Amino acid sequence: AILLIAIMLLRSVNKVKANTSIFIRSNDKNISSAALSQSTTIISNRLKDYSSEKFELTVMPEKSGIQVTLSDNWDVKVAEKLLTKKGETGFYTIYNCTNLSELSIDTQHLLSMLKNDVKSTTEPSLGSCAASETTKVNDYLQSLKKSQQCRFVWGQPSNNGDLSLYALRLQKDSSPLLSGKDIESMKSDKDGKINFVDLSFKKPAKELWATITRQNINHSIAIVIDDAVLCAPLVRAAIENGKAAITGSFTEAETKLIAALGNNGELPIAFHVVK
């Protein structure tokens, strides 16, 4: 009997130790209970979309945050992204090296700060640089007068670690052409060894997407989540079926993360992990 009790206690202790506890706090100390509740629902749906692994969420209004308990099979780094990423999704046409001069900035100076081996007028990025050089470029961009026409955003790291810079073309109200609210579903999928995200727009947005693609044949449209360009595919023809695909050198875990963020809406407030 003593041995049995000892084994049961050991299993219980191991189970507790195996679980990971994360506390996320709102950046806004005056968060409303409605915003906290909405955020909890979005985060719960993200976690469910990403994995069947167990988790528990406990809302703690007095601490302006949410206590998250994850089973031992969760990747904590991925989970933290699901918990704290805003999930702001947008679709933008872009300025490239051939039409960047439309902006009232010193384009030559900006381009001189980037590796630019662009060989085509349809190349979507302005150039690239090592991650260690992005601070210098960002400092220059922040010194410019804020533009109502453009927003500069970095892309995903390439195989050699370099980051490409994109110039997003803004609408008159600084909004994207389409946003996360227009998305019906996003699904992680695979074609052989290639991982991608299959995207469908809601019915009201399908006609607009067809018009956007029709007007931008042989031009790129950037797909952006949380100030990072996921991809900027070249439009070859009008897309009438309300579909799109997010492609690139993604792992399966990365496409699952993108789909989980895009599927469940934008968090109404920002959170950070309390270490």
# chains A, B, ... in the order shown; residues from 1 in each chain; ligands from 1

call {"tool": "residues_around", "arguments": {"residues": "Asp226 (chain A)", "least_positions_apart": "2", "cutoff": "6 Å", "atoms": "only C-alpha atoms", "output": "ChimeraX atom specification"}}
result
/A:87-88,228

call {"tool": "write_last_selection", "arguments": {"atoms": "C-alpha atoms", "output": "compact mmCIF listing (two decimals), in the first residue's frame"}}
result
# COMPACT_ATOMS: atom_id res chain seq x y z
CA GLY A 87 -3.22 38.77 -35.68
CA GLU A 88 -3.70 41.92 -37.79
CA ALA A 228 5.60 41.24 -41.42

call {"tool": "closest_residue", "arguments": {"among": "A:Ala245, A:Ala205, A:Leu110, A:Leu57", "to": "Lys181 (chain A)", "atoms": "only C-alpha atoms"}}
result
A:Ala205

call {"tool": "residues_around", "arguments": {"residues": "Phe271 (chain A)", "least_positions_apart": "4", "cutoff": "7 Å", "atoms": "only C-alpha atoms", "output": "PDB file with N, CA and C atoms, in the first residue's frame"}}
result
ATOM      1  N   ILE A  24      -0.058  35.998 -19.296  1.00  0.00           N
ATOM      2  CA  ILE A  24       0.020  37.126 -20.221  1.00  0.00           C
ATOM      3  C   ILE A  24      -0.790  38.292 -19.656  1.00  0.00           C
ATOM      4  N   ARG A  25      -0.211  39.479 -19.741  1.00  0.00           N
ATOM      5  CA  ARG A  25      -0.855  40.682 -19.190  1.00  0.00           C
ATOM      6  C   ARG A  25      -1.143  41.670 -20.309  1.00  0.00           C
ATOM      7  N   SER A  26      -2.268  42.316 -20.216  1.00  0.00           N
ATOM      8  CA  SER A  26      -2.644  43.331 -21.192  1.00  0.00           C
ATOM      9  C   SER A  26      -1.699  44.524 -21.095  1.00  0.00           C
ATOM     10  N   ASN A  27      -1.350  45.094 -22.242  1.00  0.00           N
ATOM     11  CA  ASN A  27      -0.543  46.316 -22.239  1.00  0.00           C
ATOM     12  C   ASN A  27      -1.342  47.504 -21.743  1.00  0.00           C
ATOM     13  N   THR A  84       0.140  36.024 -27.869  1.00  0.00           N
ATOM     14  CA  THR A  84       0.446  37.454 -27.865  1.00  0.00           C
ATOM     15  C   THR A  84       0.412  38.146 -29.221  1.00  0.00           C
TER      16      THR A  84
END

call {"tool": "closest_atom_pairs", "arguments": {"of": "region 156-206 of chain A", "to": "region 119-141 of chain A", "cutoff": "7 Å", "atoms": "only C-alpha atoms", "output": "JSON lines"}}
result
{"residue": "A:Gly161", "atom": "CA", "partner": "A:Ala130", "partner_atom": "CA", "distance": 6.6}
{"residue": "A:Asp162", "atom": "CA", "partner": "A:Ala130", "partner_atom": "CA", "distance": 4.4}
{"residue": "A:Leu163", "atom": "CA", "partner": "A:Ser128", "partner_atom": "CA", "distance": 5.3}
{"residue": "A:Ser164", "atom": "CA", "partner": "A:Ser128", "partner_atom": "CA", "distance": 4.0}
{"residue": "A:Leu165", "atom": "CA", "partner": "A:Ser125", "partner_atom": "CA", "distance": 5.6}
{"residue": "A:Tyr166", "atom": "CA", "partner": "A:Ser125", "partner_atom": "CA", "distance": 4.9}

call {"tool": "select_by_dssp", "arguments": {"residues": "region 28-128 of chain A", "states": "strand (DSSP E)", "output": "number ranges by chain"}}
result
A: 55-60, 65-70, 89-95, 127-128

call {"tool": "residues_around", "arguments": {"residues": "Pro233 (chain A)", "least_positions_apart": "6", "cutoff": "8 Å", "atoms": "only C-alpha atoms", "output": "number ranges by chain"}}
result
A: 220-222

call {"tool": "residues_around", "arguments": {"residues": "Val235 (chain A)", "least_positions_apart": "2", "cutoff": "6 Å", "atoms": "only C-alpha atoms", "output": "PyMOL selection string"}}
result
chain A and resi 217-220+237

call {"tool": "write_last_selection", "arguments": {"atoms": "all heavy atoms", "output": "short mmCIF file (atom, residue, chain, number, x, y, z; two decimals), in the first residue's frame"}}
result
data_model
loop_
_atom_site.label_atom_id
_atom_site.label_comp_id
_atom_site.auth_asym_id
_atom_site.auth_seq_id
_atom_site.Cartn_x
_atom_site.Cartn_y
_atom_site.Cartn_z
N ILE A 217 -2.75 42.71 -62.55
CA ILE A 217 -2.07 41.65 -63.29
C ILE A 217 -0.64 42.10 -63.60
O ILE A 217 -0.40 43.23 -64.01
CB ILE A 217 -2.84 41.29 -64.57
CG1 ILE A 217 -4.19 40.65 -64.20
CG2 ILE A 217 -2.03 40.36 -65.47
CD1 ILE A 217 -5.11 40.39 -65.38
N ASN A 218 0.31 41.20 -63.35
CA ASN A 218 1.75 41.45 -63.50
C ASN A 218 2.30 42.40 -62.43
O ASN A 218 3.38 42.96 -62.57
CB ASN A 218 2.09 41.99 -64.89
CG ASN A 218 1.84 40.97 -65.97
OD1 ASN A 218 2.04 39.76 -65.76
ND2 ASN A 218 1.38 41.41 -67.13
N HIS A 219 1.53 42.55 -61.35
CA HIS A 219 2.00 43.29 -60.17
C HIS A 219 1.83 42.38 -58.95
O HIS A 219 1.05 41.43 -58.97
CB HIS A 219 1.21 44.59 -59.98
CG HIS A 219 1.41 45.57 -61.09
ND1 HIS A 219 2.53 46.35 -61.20
CD2 HIS A 219 0.62 45.88 -62.16
CE1 HIS A 219 2.43 47.12 -62.28
NE2 HIS A 219 1.28 46.84 -62.88
N SER A 220 2.54 42.70 -57.90
CA SER A 220 2.50 41.86 -56.69
C SER A 220 1.53 42.42 -55.66
O SER A 220 1.31 43.63 -55.56
CB SER A 220 3.90 41.76 -56.06
OG SER A 220 4.78 41.09 -56.92
N ALA A 237 -3.29 36.46 -63.25
CA ALA A 237 -4.62 36.59 -63.85
C ALA A 237 -5.61 36.95 -62.76
O ALA A 237 -5.31 36.82 -61.57
CB ALA A 237 -5.02 35.29 -64.53
#

call {"tool": "closest_atom_pairs", "arguments": {"of": "region 28-57 of chain A", "to": "region 254-270 of chain A", "cutoff": "8 Å", "atoms": "only C-alpha atoms", "output": "JSON lines"}}
result
{"residue": "A:Asp28", "atom": "CA", "partner": "A:Ile269", "partner_atom": "CA", "distance": 7.4}
{"residue": "A:Ala35", "atom": "CA", "partner": "A:Pro268", "partner_atom": "CA", "distance": 6.3}
{"residue": "A:Gln38", "atom": "CA", "partner": "A:Pro268", "partner_atom": "CA", "distance": 7.5}
{"residue": "A:Ser39", "atom": "CA", "partner": "A:Leu267", "partner_atom": "CA", "distance": 5.7}
{"residue": "A:Ile42", "atom": "CA", "partner": "A:Asn264", "partner_atom": "CA", "distance": 5.9}
{"residue": "A:Asn45", "atom": "CA", "partner": "A:Asn264", "partner_atom": "CA", "distance": 6.6}
{"residue": "A:Arg46", "atom": "CA", "partner": "A:Ala260", "partner_atom": "CA", "distance": 5.0}
{"residue": "A:Leu47", "atom": "CA", "partner": "A:Ala260", "partner_atom": "CA", "distance": 7.4}
{"residue": "A:Asp49", "atom": "CA", "partner": "A:Ala260", "partner_atom": "CA", "distance": 5.5}
{"residue": "A:Tyr50", "atom": "CA", "partner": "A:Ala260", "partner_atom": "CA", "distance": 5.7}

call {"tool": "select_by_dssp", "arguments": {"residues": "region 81-176 of chain A", "states": "helix (DSSP H, G or I)", "output": "MDAnalysis selection string"}}
result
chainID A and resid 81:84 100:102 107:112 131:143
